[in-house]
Amino acid sequence: MKPLNKPHLAAVAAAVAVFGVGAVLLSDGSEVHAEAAAMLPVIKYQTALQRSVSDTQDYTGRLEAVDVVDVRPRVPGTLMTVHFKPGQLVRQGDLLFTLDPAPYETHVNQAQANLAAAQTRVRLAETDQARGRKLIASNAIAQREFDALDNAARETAAALKGVQAALAHAQLQLGYTQIRAPISGRISRAEITAGNVLGAGGDAAPLTRIVSSDKLYASFNVDEQSYLRIIAPSLREGKQPVIKVGLASENNFPHPATLEAIDNRMDSRSGTVRVRARIDQASPEMLPGLQARVRLQGGLQYDAVMVNDSVIGTDQDRKYVLIVNAQNKVERRFVEVGMQQGRERVVRSGIEAGTKVINDGAYRVTPGSAVNAVADDATQAAINDTNGDRS
């Protein structure tokens, strides 16, 4: 092969710029092999894939406890003992506080004595009633006398029930001196210390608060367009939208949730509707009141072109991607983007499925320049998985 002179070198450069990689022909018919392509900048690309997706939308909300109980005394008395530590987990029925039981034990003892006396009166009245029944059968006493005996037996029986009810009430009051956890959950601190005299009922100051810890609500506001696009179509088909929740410190949405309730009206002032999702397996670090990031996914499925969100650039108010065209040249395409699906984003227009989108090395090239394009390994694996699913 003859050595290349300057005109030949210029022709080689022009041919490389036009044809990129591979062998090229000079004007006199001689060849330049693929080694010349190594002079081109190397970039990696991912292939835009078409997937069946449904719309998603992210919101910011708050975690709320499923059950919240302010523990109050049900009988007045002097607080004797606190049986828990602040912040600990308690089970339903655990002993939390003890009030001085002495006054209520006295009431129980008095009610028991009244019960014994009432039972004695009942036995005497029943004996007189039985005796009178025999005498009236033989006309030994007047009907009026028997009626008095029968009435006395009925009165003592009724009085016995009243005394039994008084004893049950006294025992119930005594039981209320032991204040137990009405639900399971995490308990707050004791708001009143031992030695204080407490009132009772709804007007009494709360002793502490218990919130459920195993299940939580995530409440958030959904705008009208998202409601019509995501929630309404899912409910119309008898399906539940997919809801996932993440904390402010988490990068993803690791906590699955289920739709619990949708408010019965759209707020005309804010243009939103209140939605509440239930997290059935809350992690220990999730506390009521924390900020929650909520991802809502649903609606009708459609086929969409997907690319990694990181390859989308911004030129003022327009979005674009850099692609490699059929001539191995860089081209900038303005695109209209849609919802984000994990790390990928929907591209509504601007490119088609199969387009080679540059995802590594874009800073080394400019639109119109020839490049040595190499498929990204992760992209190729995704293409193979997609082809395998379709086969």
# chains A, B, ... in the order shown; residues from 1 in each chain; ligands from 1

$ residues_around --residues "Ala158 in chain A" --least-positions-apart "3" --cutoff "12 Å" --atoms "only C-alpha atoms" --output "PDB file with C-alpha atoms, in the first residue's frame"
ATOM      1  CA  ALA A 118     -80.792  -8.570 102.394  1.00  0.00           C
ATOM      2  CA  GLN A 119     -80.327 -12.291 101.846  1.00  0.00           C
ATOM      3  CA  ARG A 121     -84.598 -10.892 104.917  1.00  0.00           C
ATOM      4  CA  VAL A 122     -85.313 -12.737 101.678  1.00  0.00           C
ATOM      5  CA  ALA A 125     -89.947 -13.569 103.695  1.00  0.00           C
ATOM      6  CA  ASN A 151     -95.957  -8.878  98.810  1.00  0.00           C
ATOM      7  CA  ALA A 152     -93.274  -8.857 101.527  1.00  0.00           C
ATOM      8  CA  ALA A 153     -91.463 -11.741  99.773  1.00  0.00           C
ATOM      9  CA  ARG A 154     -91.507  -9.882  96.461  1.00  0.00           C
ATOM     10  CA  GLU A 155     -90.222  -6.669  98.041  1.00  0.00           C
ATOM     11  CA  LYS A 161     -81.242  -7.248  93.513  1.00  0.00           C
ATOM     12  CA  GLY A 162     -80.650  -3.609  94.428  1.00  0.00           C
ATOM     13  CA  VAL A 163     -78.095  -4.590  97.052  1.00  0.00           C
ATOM     14  CA  GLN A 164     -76.374  -6.936  94.579  1.00  0.00           C
ATOM     15  CA  ALA A 165     -76.165  -4.097  92.065  1.00  0.00           C
TER      16      ALA A 165
END

$ select_by_dssp --residues "range 153-357 of chain A" --states "strand (DSSP E)" --output "ChimeraX atom specification"
/A:178-180,185-187,197-198,208-211,216-223,242-247,255-262,272-279,291-308,313-315,318-324,330-341,344-349,356-357

$ select_by_dssp --residues "range 168-312 of chain A" --states "alpha helix (DSSP H)" --output "ChimeraX atom specification"
/A:168-175,224-226,232-236

$ closest_residue --among "A:Ile187, A:Val311, A:Ala370, A:Val197" --to "Ile358 in chain A" --atoms "only C-alpha atoms"
A:Val311

$ residues_around --residues "Arg274 in chain A" --least-positions-apart "6" --cutoff "9 Å" --atoms "only C-alpha atoms" --output "list in words"
Ser219, Phe220, Asn221, Val222, Ala261, Ile262, Asp263, Asn264, Arg265, Met266 and Asp267 of chain A

$ atom_distance --atom1 "CA of Asp303 in chain A" --atom2 "CA of Asn359 in chain A"
22.5 Å

$ residues_around --residues "Phe97 in chain A" --least-positions-apart "2" --cutoff "8 Å" --atoms "only C-alpha atoms" --output "PDB file with C-alpha atoms, in the first residue's frame"
ATOM      1  CA  LEU A  79     -52.321   8.509  92.755  1.00  0.00           C
ATOM      2  CA  MET A  80     -50.132   5.956  94.512  1.00  0.00           C
ATOM      3  CA  THR A  81     -47.876   4.339  91.878  1.00  0.00           C
ATOM      4  CA  VAL A  82     -46.780   4.754  88.240  1.00  0.00           C
ATOM      5  CA  HIS A  83     -45.935   1.366  86.693  1.00  0.00           C
ATOM      6  CA  LEU A  95     -51.165  -1.928  84.615  1.00  0.00           C
ATOM      7  CA  LEU A  99     -54.904   4.834  92.940  1.00  0.00           C
ATOM      8  CA  THR A 177     -58.290   2.173  91.028  1.00  0.00           C
ATOM      9  CA  GLN A 178     -56.016   0.079  88.829  1.00  0.00           C
ATOM     10  CA  ILE A 179     -55.716   2.012  85.582  1.00  0.00           C
ATOM     11  CA  ARG A 180     -54.784  -0.304  82.705  1.00  0.00           C
TER      12      ARG A 180
END

$ residues_around --residues "Pro367 in chain A" --least-positions-apart "4" --cutoff "8 Å" --atoms "only C-alpha atoms" --output "number ranges by chain"
A: 322, 329-332

$ residues_around --residues "Thr208 in chain A" --least-positions-apart "3" --cutoff "12 Å" --atoms "only C-alpha atoms" --output "list of chain:residue names"
A:Val68, A:Val69, A:Asp70, A:Val71, A:Arg72, A:Pro73, A:Val82, A:Phe84, A:Lys85, A:Pro86, A:Gly87, A:Leu96, A:Phe97, A:Ile179, A:Arg180, A:Ala181, A:Pro182, A:Arg186, A:Ile187, A:Ser188, A:Arg189, A:Ala190, A:Glu191, A:Ile192, A:Thr193, A:Ala204, A:Ala205, A:Val211

$ closest_residue --among "A:Gly238, A:Asn139, A:Ala168, A:Val371" --to "Met39 in chain A" --atoms "only C-alpha atoms"
A:Val371

$ atom_distance --atom1 "CA of Gly350 in chain A" --atom2 "CA of Asn325 in chain A"
13.4 Å
